$ cat target.txt   # compact mmCIF, C-alpha atoms and all ligand atoms
# COMPACT_ATOMS: atom_id res chain seq x y z
CA LEU A 1 0.00 0.00 0.00
CA SER A 2 1.31 3.41 -0.90
CA LYS A 3 0.79 7.11 -0.16
CA ARG A 4 -0.40 9.49 -2.88
CA GLY A 5 -0.78 13.15 -3.65
CA PRO A 6 -4.21 14.72 -4.17
CA ILE A 7 -6.59 12.96 -6.57
CA PRO A 8 -5.43 13.84 -10.11
CA THR A 9 -7.95 15.99 -11.95
CA GLU A 10 -7.50 13.75 -15.04
CA LEU A 11 -9.57 11.15 -13.18
CA LEU A 12 -12.40 13.56 -12.34
CA PRO A 13 -15.36 14.61 -14.50
CA ALA A 14 -15.03 17.61 -16.79
CA THR A 15 -16.74 20.14 -14.52
CA ALA A 16 -15.00 19.06 -11.30
CA ALA A 17 -13.83 22.08 -9.32
CA ILE A 18 -12.09 22.27 -5.95
CA ASP A 19 -12.82 25.36 -3.83
CA GLY A 20 -10.46 27.17 -1.44
CA ALA A 21 -11.48 24.88 1.40
CA GLY A 22 -10.59 21.81 -0.66
CA ARG A 23 -14.19 20.75 -1.26
CA LEU A 24 -15.02 19.17 -4.59
CA SER A 25 -18.03 20.16 -6.63
CA VAL A 26 -19.19 18.61 -9.91
CA GLY A 27 -21.67 20.35 -12.17
CA GLY A 28 -21.61 23.19 -9.66
CA VAL A 29 -22.89 20.93 -6.85
CA ASP A 30 -20.92 20.14 -3.69
CA LEU A 31 -20.43 16.37 -3.41
CA VAL A 32 -20.50 16.16 0.39
CA GLU A 33 -23.81 18.05 0.37
CA LEU A 34 -25.14 15.68 -2.31
CA ALA A 35 -24.29 12.75 -0.04
CA GLU A 36 -26.23 14.46 2.79
CA GLU A 37 -29.23 15.11 0.58
CA PHE A 38 -29.52 11.80 -1.28
CA GLY A 39 -27.73 9.40 1.06
CA THR A 40 -24.95 6.96 0.25
CA PRO A 41 -23.83 5.02 -1.69
CA LEU A 42 -24.70 7.42 -4.47
CA PHE A 43 -23.80 7.49 -8.16
CA VAL A 44 -23.23 11.05 -9.34
CA TYR A 45 -22.96 11.80 -13.08
CA ASP A 46 -21.61 14.98 -14.61
CA GLU A 47 -24.04 15.59 -17.45
CA ALA A 48 -21.74 18.08 -19.18
CA ASP A 49 -18.97 15.48 -19.24
CA ILE A 50 -21.19 12.98 -21.07
CA VAL A 51 -22.33 15.64 -23.53
CA MET A 52 -18.73 16.64 -24.20
CA ARG A 53 -17.73 13.04 -24.95
CA CYS A 54 -20.76 12.47 -27.21
CA ARG A 55 -19.73 15.51 -29.22
CA ALA A 56 -16.09 14.42 -29.41
CA ALA A 57 -17.13 10.96 -30.58
CA LEU A 58 -19.49 12.30 -33.22
CA SER A 59 -17.02 14.82 -34.59
CA SER A 60 -14.41 12.05 -35.01
CA PHE A 61 -16.91 9.48 -36.31
CA PRO A 62 -19.42 11.44 -38.43
CA GLY A 63 -20.56 8.14 -39.98
CA GLY A 64 -22.40 7.36 -36.77
CA VAL A 65 -21.92 6.81 -33.04
CA TYR A 66 -24.08 4.27 -31.23
CA TYR A 67 -23.77 4.51 -27.45
CA ALA A 68 -23.33 1.00 -26.00
CA SER A 69 -26.11 1.14 -23.46
CA LYS A 70 -24.78 -1.83 -21.48
CA ALA A 71 -22.24 0.57 -19.93
CA PHE A 72 -25.04 2.45 -18.15
CA LEU A 73 -28.65 2.73 -19.18
CA CYS A 74 -31.62 4.57 -17.82
CA LYS A 75 -34.22 6.65 -19.59
CA HIS A 76 -32.41 9.89 -18.83
CA VAL A 77 -29.08 8.80 -20.31
CA ALA A 78 -30.84 7.33 -23.36
CA ARG A 79 -32.52 10.69 -24.01
CA LEU A 80 -29.35 12.64 -23.27
CA VAL A 81 -27.12 10.79 -25.73
CA THR A 82 -29.72 10.52 -28.48
CA GLY A 83 -30.42 14.23 -27.98
CA GLU A 84 -26.75 14.75 -28.84
CA GLY A 85 -27.23 12.86 -32.11
CA LEU A 86 -25.99 9.45 -31.06
CA GLY A 87 -27.79 6.20 -31.72
CA LEU A 88 -28.19 3.52 -29.08
CA ASP A 89 -26.81 0.00 -29.13
CA VAL A 90 -29.01 -2.40 -27.17
CA ALA A 91 -28.01 -6.01 -26.61
CA THR A 92 -31.12 -7.49 -25.00
CA GLY A 93 -34.88 -7.11 -24.96
CA GLY A 94 -34.52 -5.45 -21.55
CA GLU A 95 -32.18 -2.75 -22.84
CA LEU A 96 -34.53 -2.28 -25.78
CA ALA A 97 -37.47 -1.96 -23.38
CA VAL A 98 -35.75 0.89 -21.54
CA ALA A 99 -35.01 2.63 -24.86
CA GLN A 100 -38.66 2.18 -25.83
CA ALA A 101 -39.83 3.54 -22.48
CA ALA A 102 -37.58 6.55 -23.00
CA GLY A 103 -39.32 7.15 -26.33
CA ILE A 104 -36.20 6.59 -28.43
CA GLY A 105 -37.30 5.96 -32.00
CA GLY A 106 -36.44 2.64 -33.66
CA ASN A 107 -34.50 4.61 -36.29
CA ARG A 108 -31.88 5.34 -33.56
CA LEU A 109 -31.41 1.72 -32.47
CA THR A 110 -29.08 -1.16 -33.20
CA LEU A 111 -29.80 -4.60 -31.74
CA HIS A 112 -26.90 -6.81 -30.72
CA GLY A 113 -26.76 -10.14 -28.94
CA ASN A 114 -25.05 -13.49 -29.40
CA ASN A 115 -28.21 -15.42 -28.51
CA LYS A 116 -31.19 -13.34 -29.55
CA SER A 117 -34.47 -14.97 -28.62
CA GLU A 118 -37.47 -15.14 -30.92
CA ALA A 119 -39.25 -12.73 -28.57
CA GLU A 120 -36.36 -10.25 -28.80
CA LEU A 121 -36.37 -10.35 -32.62
CA VAL A 122 -40.13 -9.81 -32.67
CA GLN A 123 -39.85 -6.95 -30.15
CA ALA A 124 -37.10 -5.29 -32.17
CA ILE A 125 -38.57 -5.69 -35.63
CA ALA A 126 -42.08 -4.75 -34.52
CA TYR A 127 -40.64 -1.58 -32.98
CA GLY A 128 -38.77 -0.76 -36.17
CA VAL A 129 -35.23 -1.16 -34.84
CA ASP A 130 -33.12 0.22 -37.66
CA ARG A 131 -30.21 -2.22 -37.55
CA ILE A 132 -29.70 -5.75 -36.30
CA VAL A 133 -26.19 -7.15 -35.92
CA VAL A 134 -26.10 -10.76 -37.08
CA ASP A 135 -23.99 -12.82 -34.69
CA ASP A 136 -24.44 -16.26 -36.25
CA GLY A 137 -25.56 -17.69 -39.58
CA SER A 138 -28.64 -19.26 -37.98
CA GLU A 139 -30.03 -15.78 -37.38
CA VAL A 140 -30.24 -14.91 -41.07
CA PRO A 141 -33.39 -16.93 -41.92
CA ARG A 142 -34.91 -16.10 -38.51
CA ILE A 143 -34.48 -12.35 -38.95
CA ALA A 144 -35.65 -12.56 -42.58
CA ALA A 145 -38.79 -14.49 -41.64
CA THR A 146 -39.68 -12.14 -38.79
CA ALA A 147 -39.05 -9.10 -40.98
CA ALA A 148 -41.21 -10.58 -43.76
CA ALA A 149 -44.03 -11.20 -41.29
CA LEU A 150 -43.90 -7.95 -39.32
CA SER A 151 -42.65 -5.32 -41.74
CA PRO A 152 -43.20 -6.70 -45.25
CA GLY A 153 -42.68 -3.35 -46.97
CA ARG A 154 -39.26 -2.72 -45.43
CA ARG A 155 -35.91 -4.43 -45.85
CA GLN A 156 -34.41 -4.98 -42.41
CA LYS A 157 -30.92 -3.51 -42.26
CA VAL A 158 -28.33 -5.88 -40.86
CA LEU A 159 -24.62 -5.89 -40.13
CA VAL A 160 -22.51 -9.00 -39.70
CA ARG A 161 -20.37 -9.26 -36.59
CA VAL A 162 -17.13 -10.94 -37.54
CA THR A 163 -14.27 -12.16 -35.39
CA PRO A 164 -11.07 -10.87 -36.96
CA GLY A 165 -8.93 -13.16 -34.79
CA VAL A 166 -7.15 -10.30 -33.05
CA MET A 167 -5.94 -10.72 -29.49
CA VAL A 168 -5.97 -7.49 -27.52
CA ASP A 169 -4.13 -6.73 -24.35
CA THR A 170 -7.01 -6.67 -21.88
CA HIS A 171 -8.65 -8.97 -19.36
CA ARG A 172 -9.68 -12.37 -20.76
CA PHE A 173 -13.33 -11.78 -19.83
CA VAL A 174 -13.59 -8.57 -21.85
CA MET A 175 -11.58 -9.79 -24.84
CA THR A 176 -13.99 -10.65 -27.64
CA GLY A 177 -12.38 -10.31 -31.06
CA GLN A 178 -10.08 -13.33 -30.83
CA ALA A 179 -10.81 -16.29 -33.10
CA ASP A 180 -12.06 -18.54 -30.28
CA SER A 181 -14.96 -16.40 -29.07
CA LYS A 182 -18.64 -16.89 -28.33
CA PHE A 183 -19.33 -13.73 -30.33
CA GLY A 184 -19.56 -13.20 -34.05
CA VAL A 185 -18.79 -15.21 -37.14
CA GLU A 186 -15.31 -16.53 -37.93
CA ILE A 187 -13.55 -14.99 -40.90
CA ALA A 188 -10.74 -17.52 -41.10
CA SER A 189 -13.02 -20.54 -41.67
CA GLY A 190 -15.04 -18.83 -44.42
CA ALA A 191 -18.13 -18.70 -42.21
CA ALA A 192 -18.35 -14.90 -42.42
CA GLU A 193 -18.41 -15.02 -46.19
CA ARG A 194 -21.17 -17.65 -46.19
CA VAL A 195 -23.27 -15.47 -43.86
CA ILE A 196 -22.76 -12.44 -46.11
CA GLN A 197 -23.88 -14.45 -49.14
CA ALA A 198 -26.92 -15.76 -47.27
CA ILE A 199 -27.96 -12.21 -46.37
CA LEU A 200 -27.47 -11.00 -49.94
CA SER A 201 -29.87 -13.66 -51.15
CA GLU A 202 -32.63 -12.67 -48.67
CA PRO A 203 -35.10 -10.17 -50.21
CA HIS A 204 -36.21 -8.95 -46.77
CA LEU A 205 -32.70 -8.11 -45.58
CA SER A 206 -30.30 -5.36 -46.54
CA LEU A 207 -26.62 -5.78 -45.68
CA VAL A 208 -25.31 -2.37 -44.59
CA GLY A 209 -22.07 -3.18 -42.85
CA LEU A 210 -19.55 -5.36 -41.13
CA HIS A 211 -18.95 -5.11 -37.42
CA PHE A 212 -16.23 -6.16 -35.04
CA HIS A 213 -15.72 -5.57 -31.34
CA LEU A 214 -12.24 -6.43 -30.20
CA GLY A 215 -12.80 -6.16 -26.48
CA SER A 216 -13.04 -3.50 -23.84
CA GLN A 217 -10.51 -1.23 -22.14
CA ILE A 218 -8.06 -1.29 -25.08
CA PHE A 219 -5.08 1.08 -24.89
CA ASP A 220 -3.00 -0.23 -27.78
CA LEU A 221 -4.85 1.02 -30.87
CA SER A 222 -2.77 -1.09 -33.25
CA ALA A 223 -5.29 -3.91 -32.60
CA PHE A 224 -7.83 -1.86 -34.57
CA GLU A 225 -5.43 -1.47 -37.48
CA VAL A 226 -4.79 -5.20 -37.63
CA ALA A 227 -8.52 -5.91 -37.49
CA VAL A 228 -9.17 -3.46 -40.34
CA SER A 229 -6.63 -5.27 -42.49
CA VAL A 230 -8.37 -8.59 -41.75
CA VAL A 231 -11.86 -7.36 -42.70
CA ALA A 232 -10.76 -5.20 -45.65
CA PRO A 233 -10.94 -7.98 -48.29
CA LEU A 234 -14.56 -8.74 -47.34
CA LEU A 235 -15.53 -5.05 -47.40
CA GLU A 236 -14.00 -4.76 -50.85
CA ARG A 237 -15.28 -8.01 -52.36
CA TYR A 238 -18.90 -7.38 -51.35
CA GLU A 239 -18.75 -3.56 -51.70
CA ILE A 240 -19.91 -3.07 -48.13
CA GLY A 241 -20.22 0.61 -47.24
CA GLU A 242 -19.90 0.60 -43.45
CA LEU A 243 -17.49 -0.75 -40.90
CA SER A 244 -18.55 -0.63 -37.25
CA ILE A 245 -15.50 -0.96 -35.04
CA GLY A 246 -17.50 -1.67 -31.87
CA GLY A 247 -16.39 -0.15 -28.60
CA GLY A 248 -13.36 -0.78 -26.49
CA LEU A 249 -11.54 2.54 -26.20
CA GLY A 250 -9.52 2.38 -22.97
CA VAL A 251 -10.20 4.80 -20.13
CA ALA A 252 -7.84 5.85 -17.33
CA TYR A 253 -8.97 4.53 -13.94
CA VAL A 254 -5.87 5.04 -11.83
CA GLU A 255 -3.07 7.56 -11.60
CA GLY A 256 -0.63 7.26 -14.49
CA GLU A 257 -3.00 5.63 -16.99
CA VAL A 258 -3.78 7.59 -20.15
CA GLY A 259 -6.74 6.74 -22.36
CA ALA A 260 -6.69 7.28 -26.12
CA SER A 261 -8.97 9.82 -27.79
CA PHE A 262 -11.76 9.31 -30.31
CA GLU A 263 -9.77 11.54 -32.64
CA GLU A 264 -6.71 9.32 -32.53
CA LEU A 265 -8.76 6.16 -32.95
CA ALA A 266 -10.58 7.62 -35.97
CA ALA A 267 -7.31 8.74 -37.54
CA ARG A 268 -5.74 5.31 -37.09
CA VAL A 269 -8.78 3.40 -38.43
CA ASN A 270 -9.28 5.72 -41.41
CA ALA A 271 -5.59 5.49 -42.28
CA ALA A 272 -5.73 1.69 -42.02
CA LEU A 273 -8.72 1.59 -44.38
CA LYS A 274 -6.86 3.77 -46.86
CA ALA A 275 -3.74 1.64 -46.57
CA ASN A 276 -5.90 -1.35 -47.49
CA GLY A 277 -7.21 0.41 -50.58
CA LEU A 278 -10.63 1.36 -49.15
CA GLN A 279 -11.62 5.02 -49.62
CA ASP A 280 -15.36 5.12 -49.19
CA VAL A 281 -16.10 3.00 -46.16
CA SER A 282 -18.01 4.86 -43.49
CA VAL A 283 -16.67 4.08 -40.01
CA THR A 284 -19.10 3.84 -37.11
CA ILE A 285 -18.39 3.18 -33.46
CA GLU A 286 -20.18 1.87 -30.35
CA PRO A 287 -18.50 3.46 -27.38
CA GLY A 288 -19.79 2.67 -23.89
CA ARG A 289 -17.11 3.15 -21.28
CA SER A 290 -15.47 6.07 -23.09
CA ILE A 291 -18.76 8.00 -23.01
CA VAL A 292 -19.84 7.52 -19.39
CA ALA A 293 -16.98 6.13 -17.26
CA ARG A 294 -15.30 9.36 -16.27
CA ALA A 295 -18.57 11.25 -15.86
CA GLY A 296 -19.49 9.04 -12.89
CA ILE A 297 -18.32 9.18 -9.29
CA THR A 298 -19.55 6.93 -6.48
CA LEU A 299 -19.96 8.46 -3.02
CA TYR A 300 -19.75 6.22 0.04
CA ARG A 301 -19.76 6.85 3.77
CA VAL A 302 -16.98 5.40 5.88
CA GLY A 303 -18.00 2.98 8.64
CA VAL A 304 -15.65 0.65 10.49
CA ILE A 305 -11.90 1.14 10.18
CA LYS A 306 -9.61 -1.74 11.18
CA GLU A 307 -5.92 -1.23 11.66
CA LEU A 308 -4.35 -4.68 11.52
CA SER A 309 -1.08 -5.80 13.04
CA THR A 310 -0.02 -6.65 9.46
CA GLY A 311 -0.03 -2.92 8.78
CA THR A 312 -3.09 -2.96 6.51
CA ARG A 313 -5.71 -0.33 7.27
CA TYR A 314 -9.15 -1.61 6.19
CA VAL A 315 -11.66 1.17 5.60
CA ALA A 316 -15.18 -0.24 5.19
CA VAL A 317 -17.85 1.66 3.27
CA ASP A 318 -21.62 1.27 2.97
CA GLY A 319 -21.55 -0.33 -0.51
CA GLY A 320 -19.05 -2.52 -2.33
CA MET A 321 -19.28 -5.34 -4.85
CA SER A 322 -23.05 -4.87 -5.24
CA ASP A 323 -22.56 -1.40 -6.74
CA ASN A 324 -19.14 -2.02 -8.30
CA PRO A 325 -18.39 -5.64 -9.17
CA ARG A 326 -15.49 -4.77 -11.50
CA PRO A 327 -12.70 -5.23 -8.95
CA VAL A 328 -13.93 -8.70 -8.02
CA LEU A 329 -14.74 -9.67 -11.64
CA TYR A 330 -11.68 -8.32 -13.41
CA GLY A 331 -9.29 -7.26 -10.66
CA SER A 332 -9.85 -3.67 -11.81
CA GLY A 333 -8.03 -0.88 -10.02
CA TYR A 334 -9.60 2.34 -8.75
CA GLU A 335 -8.56 5.37 -6.76
CA VAL A 336 -10.28 6.69 -3.67
CA PHE A 337 -10.31 10.22 -2.27
CA ALA A 338 -12.26 12.42 0.13
CA PRO A 339 -14.42 15.01 -1.69
CA GLY A 340 -14.40 17.17 1.44
CA ALA A 341 -10.58 17.30 1.30
CA ALA A 342 -9.92 16.88 -2.41
CA ALA A 343 -6.80 19.06 -2.48
CA SER A 344 -5.09 17.20 0.36
CA ASP A 345 -2.33 14.67 -0.03
CA ARG A 346 -3.60 11.15 0.45
CA ASP A 347 -0.98 10.19 2.96
CA VAL A 348 -2.68 7.27 4.72
CA PRO A 349 -2.56 4.03 2.69
CA VAL A 350 -5.87 2.17 2.93
CA ARG A 351 -7.68 -0.81 1.51
CA LEU A 352 -11.25 0.27 0.78
CA VAL A 353 -13.66 -2.61 1.31
CA GLY A 354 -17.41 -3.07 1.12
CA LYS A 355 -20.01 -4.46 3.49
CA HIS A 356 -20.63 -7.78 1.72
CA CYS A 357 -19.91 -11.24 3.08
CA GLU A 358 -16.96 -11.94 0.78
CA SER A 359 -13.27 -11.34 1.36
CA GLY A 360 -13.10 -10.40 -2.33
CA ASP A 361 -15.44 -7.47 -1.68
CA VAL A 362 -12.66 -4.95 -2.17
CA VAL A 363 -13.42 -1.62 -3.85
CA VAL A 364 -9.86 -0.28 -3.90
CA GLU A 365 -7.09 -2.72 -3.11
CA ASP A 366 -4.32 -0.16 -2.94
CA GLY A 367 -5.77 3.23 -2.06
CA ALA A 368 -4.91 6.17 0.14
CA LEU A 369 -6.89 8.85 1.98
CA PRO A 370 -5.93 12.10 3.68
CA THR A 371 -5.04 12.02 7.38
CA GLY A 372 -8.09 12.46 9.58
CA ILE A 373 -10.68 10.76 7.37
CA GLY A 374 -12.69 8.55 9.69
CA PRO A 375 -16.08 6.99 10.37
CA GLY A 376 -18.95 9.11 9.04
CA ASP A 377 -16.87 10.89 6.41
CA VAL A 378 -17.73 10.79 2.72
CA VAL A 379 -15.23 9.14 0.38
CA ALA A 380 -15.47 8.77 -3.38
CA THR A 381 -14.27 6.49 -6.14
CA PRO A 382 -13.93 8.30 -9.46
CA VAL A 383 -14.40 6.85 -12.98
CA THR A 384 -17.27 4.63 -11.89
CA GLY A 385 -19.78 5.71 -14.54
CA ALA A 386 -19.46 2.57 -16.71
CA TYR A 387 -20.30 -1.03 -15.84
CA GLY A 388 -20.92 -0.10 -12.19
CA TYR A 389 -24.63 0.58 -11.80
CA SER A 390 -25.33 -1.49 -14.91
CA MET A 391 -23.67 -4.53 -13.32
CA ALA A 392 -25.00 -3.78 -9.83
CA SER A 393 -26.73 -6.52 -7.87
CA ASN A 394 -28.69 -6.99 -4.68
CA TYR A 395 -26.13 -9.38 -3.18
CA ASN A 396 -26.67 -9.66 0.57
CA LYS A 397 -29.99 -7.92 -0.13
CA VAL A 398 -28.27 -4.58 -0.34
CA PRO A 399 -30.56 -2.11 -2.14
CA ARG A 400 -29.09 -0.51 -5.26
CA PRO A 401 -27.92 3.10 -4.81
CA ALA A 402 -29.65 6.14 -6.23
CA VAL A 403 -28.31 7.87 -9.34
CA VAL A 404 -28.15 11.66 -9.56
CA PHE A 405 -27.20 13.79 -12.57
CA VAL A 406 -25.67 17.19 -11.87
CA ARG A 407 -25.50 20.16 -14.21
CA ASP A 408 -25.30 23.93 -13.83
CA GLY A 409 -25.64 23.89 -10.06
CA LYS A 410 -28.65 21.55 -10.03
CA ALA A 411 -28.94 17.92 -8.98
CA ARG A 412 -31.54 15.73 -10.62
CA LEU A 413 -32.49 12.33 -9.23
CA VAL A 414 -32.84 9.97 -12.23
CA LEU A 415 -32.96 6.60 -10.46
CA ARG A 416 -34.18 6.50 -6.88
CA ARG A 417 -32.53 4.36 -4.23
CA GLU A 418 -34.04 0.89 -3.88
CA THR A 419 -36.00 0.20 -0.73
CA TYR A 420 -36.53 -3.00 1.24
CA ASP A 421 -39.98 -3.15 -0.41
CA ASP A 422 -38.21 -3.26 -3.80
CA LEU A 423 -36.22 -6.23 -2.52
CA MET A 424 -39.48 -7.99 -1.73
CA ARG A 425 -41.35 -7.14 -4.94
CA LEU A 426 -40.74 -10.47 -6.66
CA GLU A 427 -41.92 -12.59 -3.75
CA VAL A 428 -45.15 -14.43 -4.59
C1 LIG A 501 -20.74 -5.20 -29.32
C2 LIG A 501 -20.25 -4.21 -28.34
N1 LIG A 501 -20.16 -2.93 -28.71
C3 LIG A 501 -19.73 -1.99 -27.84
C4 LIG A 501 -19.36 -2.30 -26.56
C5 LIG A 501 -18.89 -1.22 -25.65
O1 LIG A 501 -17.57 -1.37 -25.27
P1 LIG A 501 -16.84 -0.27 -24.41
O2 LIG A 501 -17.68 0.00 -23.21
O3 LIG A 501 -15.55 -0.89 -24.07
O4 LIG A 501 -16.69 0.96 -25.26
C6 LIG A 501 -19.41 -3.63 -26.13
C7 LIG A 501 -18.99 -3.98 -24.79
O5 LIG A 501 -19.00 -5.08 -24.33
C8 LIG A 501 -19.88 -4.61 -27.05
O6 LIG A 501 -19.97 -5.88 -26.70
$ encode --input "target.txt" --output "structure tokens"
Amino acid sequence: LSKRGPIPTELLPATAAIDGAGRLSVGGVDLVELAEEFGTPLFVYDEADIVMRCRAALSSFPGGVYYASKAFLCKHVARLVTGEGLGLDVATGGELAVAQAAGIGGNRLTLHGNNKSEAELVQAIAYGVDRIVVDDGSEVPRIAATAAALSPGRRQKVLVRVTPGVMVDTHRFVMTGQADSKFGVEIASGAAERVIQAILSEPHLSLVGLHFHLGSQIFDLSAFEVAVSVVAPLLERYEIGELSIGGGLGVAYVEGEVGASFEELAARVNAALKANGLQDVSVTIEPGRSIVARAGITLYRVGVIKELSTGTRYVAVDGGMSDNPRPVLYGSGYEVFAPGAAASDRDVPVRLVGKHCESGDVVVEDGALPTGIGPGDVVATPVTGAYGYSMASNYNKVPRPAVVFVRDGKARLVLRRETYDDLMRLEV
């Protein structure tokens, strides 16, 4: 465990500001006061940060940006990103249902999924989902039949998700573009080409693009260049006009990490297409983490602190793996700081743990807090806007936190805190 300086501003949302007393505000709202008002744990999102990233993505990828809603979805965020001109990528009937409830038109939606049910295809096609990403050859006749039955006058647009066989340097569980994957159609075996031909012979389908998703949290962009060179012959042979490069742009979570920009990714992918002799392919992207991760901060309240004879100082908070399962799932690292003392050195090494009945319930394995932070104080983990709330659970019957969006000095509750009644609502 090691000491640190103050929390680096590179890990805070765009509108984060520290006042003379060292208190952190986001969107013009004091975080310690937010914790008082809405309770803890609390997810706080900087709306301006999300908007800024949507605009950056769209200016680098004018062909189209589809926010990967799995990263964090609620009606408010669906409306916010589509209001900025993005589409929405949904991967299940449940994500589609939220988009529908938010009033997002089918023309904004792309349906993904490696095991789409009949009910999900019917739900999507009946709603007029613009694009469906084919993940296996068996889907082609199923999508065609459903489209013929439900929207006979319209050709259903489809993309084919291919596996370029590229290994990326990320955690095994979030690596998806390698040849041996449950996702997509193999290029190497010729399966991708057979699926393309099957689609081209279906009068109710229209092939608009190829898609790959190499994995998540990718820092080395050369993986994208290699993947482009693998798919280029198919794009050329079948004169396919769009390449969706999925998501995966890496985001900095801890001090010293540096994420890549949409601009750099677009430049590298466009150059790779050109180098492979393709001039007119429109590049689209499905960013999740890179849109919402840094906008989100989780606020917790400190409870028990244990100073062990081994030297480890365990600081327990009122949440944990139920609101952020990433450390236990992927061994992900985070920072912790005190928003009431955001300018102070973090000179006390701590291990931040949750309240769940698992030794693995660690939020920050190697963290540090300023001297004097004790029971009752508010602490925060930054960069928790992606795959935190969306992967949250009720383990140990812990109610899910509330979610608040802040902007221009105002806090808006978008998801209320679960109650014990919510925990009981499925009991029959
Ligand atoms: C098909 C697809 N697109 C986009 C994404 C979003 O990835 P990220 O959040 O890393 O940008 C994912 C994530 O799993 C995905 O599976």
$ residues_near_ligand --input "target.txt" --ligand "ligand LIG 501 (chain A)" --cutoff "6 Å" --atoms "only C-alpha atoms and all ligand atoms" --output "PDB file with C-alpha atoms, keeping the file's coordinate frame"
ATOM      1  CA  ALA A  68     -23.330   1.000 -26.000  1.00  0.00           C
ATOM      2  CA  ALA A  71     -22.240   0.570 -19.930  1.00  0.00           C
ATOM      3  CA  HIS A 213     -15.720  -5.570 -31.340  1.00  0.00           C
ATOM      4  CA  SER A 216     -13.040  -3.500 -23.840  1.00  0.00           C
ATOM      5  CA  GLN A 217     -10.510  -1.230 -22.140  1.00  0.00           C
ATOM      6  CA  GLY A 246     -17.500  -1.670 -31.870  1.00  0.00           C
ATOM      7  CA  GLY A 247     -16.390  -0.150 -28.600  1.00  0.00           C
ATOM      8  CA  GLY A 248     -13.360  -0.780 -26.490  1.00  0.00           C
ATOM      9  CA  LEU A 249     -11.540   2.540 -26.200  1.00  0.00           C
ATOM     10  CA  GLU A 286     -20.180   1.870 -30.350  1.00  0.00           C
ATOM     11  CA  PRO A 287     -18.500   3.460 -27.380  1.00  0.00           C
ATOM     12  CA  GLY A 288     -19.790   2.670 -23.890  1.00  0.00           C
ATOM     13  CA  ARG A 289     -17.110   3.150 -21.280  1.00  0.00           C
ATOM     14  CA  SER A 290     -15.470   6.070 -23.090  1.00  0.00           C
TER      15      SER A 290
END
$ atom_distance --input "target.txt" --atom1 "atom CA of A:Tyr66" --atom2 "atom CA of A:Arg417"
28.3 Å
$ atom_distance --input "target.txt" --atom1 "atom CA of A:Ser222" --atom2 "atom CA of A:Gly388"
27.8 Å
$ residues_around --input "target.txt" --residues "A:Leu210" --least-positions-apart "2" --cutoff "12 Å" --atoms "only C-alpha atoms" --output "number ranges by chain"
A: 131-135, 157-164, 184-185, 187, 192-193, 195-196, 207-208, 212-213, 227-228, 230-236, 238-246, 281-285
$ atom_distance --input "target.txt" --atom1 "atom CA of A:Phe219" --atom2 "atom CA of A:Gly331"
17.0 Å
$ residues_around --input "target.txt" --residues "A:Ala411" --least-positions-apart "4" --cutoff "12 Å" --atoms "all atoms listed in the file" --output "ChimeraX atom specification"
/A:25-31,33-35,37-38,43-47,403-407
$ write_last_selection --input "target.txt" --atoms "C-alpha atoms" --output "PDB file, in the coordinates of the input"
ATOM      1  CA  SER A  25     -18.030  20.160  -6.630  1.00  0.00           C
ATOM      2  CA  VAL A  26     -19.190  18.610  -9.910  1.00  0.00           C
ATOM      3  CA  GLY A  27     -21.670  20.350 -12.170  1.00  0.00           C
ATOM      4  CA  GLY A  28     -21.610  23.190  -9.660  1.00  0.00           C
ATOM      5  CA  VAL A  29     -22.890  20.930  -6.850  1.00  0.00           C
ATOM      6  CA  ASP A  30     -20.920  20.140  -3.690  1.00  0.00           C
ATOM      7  CA  LEU A  31     -20.430  16.370  -3.410  1.00  0.00           C
ATOM      8  CA  GLU A  33     -23.810  18.050   0.370  1.00  0.00           C
ATOM      9  CA  LEU A  34     -25.140  15.680  -2.310  1.00  0.00           C
ATOM     10  CA  ALA A  35     -24.290  12.750  -0.040  1.00  0.00           C
ATOM     11  CA  GLU A  37     -29.230  15.110   0.580  1.00  0.00           C
ATOM     12  CA  PHE A  38     -29.520  11.800  -1.280  1.00  0.00           C
ATOM     13  CA  PHE A  43     -23.800   7.490  -8.160  1.00  0.00           C
ATOM     14  CA  VAL A  44     -23.230  11.050  -9.340  1.00  0.00           C
ATOM     15  CA  TYR A  45     -22.960  11.800 -13.080  1.00  0.00           C
ATOM     16  CA  ASP A  46     -21.610  14.980 -14.610  1.00  0.00           C
ATOM     17  CA  GLU A  47     -24.040  15.590 -17.450  1.00  0.00           C
ATOM     18  CA  VAL A 403     -28.310   7.870  -9.340  1.00  0.00           C
ATOM     19  CA  VAL A 404     -28.150  11.660  -9.560  1.00  0.00           C
ATOM     20  CA  PHE A 405     -27.200  13.790 -12.570  1.00  0.00           C
ATOM     21  CA  VAL A 406     -25.670  17.190 -11.870  1.00  0.00           C
ATOM     22  CA  ARG A 407     -25.500  20.160 -14.210  1.00  0.00           C
TER      23      ARG A 407
END
$ closest_residue --input "target.txt" --among "A:Leu299, A:Ala147, A:Ile50, A:Leu369" --to "A:Ser344" --atoms "all atoms listed in the file"
A:Leu369
$ residues_around --input "target.txt" --residues "A:Arg294" --least-positions-apart "6" --cutoff "7 Å" --atoms "all atoms listed in the file" --output "list of chain:residue names"
A:Leu11, A:Leu12, A:Pro13, A:Val383, A:Thr384, A:Gly385
$ closest_residue --input "target.txt" --among "A:Val414, A:Val251, A:Val379, A:Ile218" --to "A:Val292" --atoms "all atoms listed in the file"
A:Val251
$ residues_around --input "target.txt" --residues "A:Ala149" --least-positions-apart "3" --cutoff "10 Å" --atoms "all atoms listed in the file" --output "compact mmCIF listing (two decimals) with C-alpha atoms, in the coordinates of the input"
# COMPACT_ATOMS: atom_id res chain seq x y z
CA VAL A 122 -40.13 -9.81 -32.67
CA ILE A 125 -38.57 -5.69 -35.63
CA ALA A 126 -42.08 -4.75 -34.52
CA ILE A 143 -34.48 -12.35 -38.95
CA ALA A 144 -35.65 -12.56 -42.58
CA ALA A 145 -38.79 -14.49 -41.64
CA THR A 146 -39.68 -12.14 -38.79
CA PRO A 152 -43.20 -6.70 -45.25
CA GLY A 153 -42.68 -3.35 -46.97
CA HIS A 204 -36.21 -8.95 -46.77
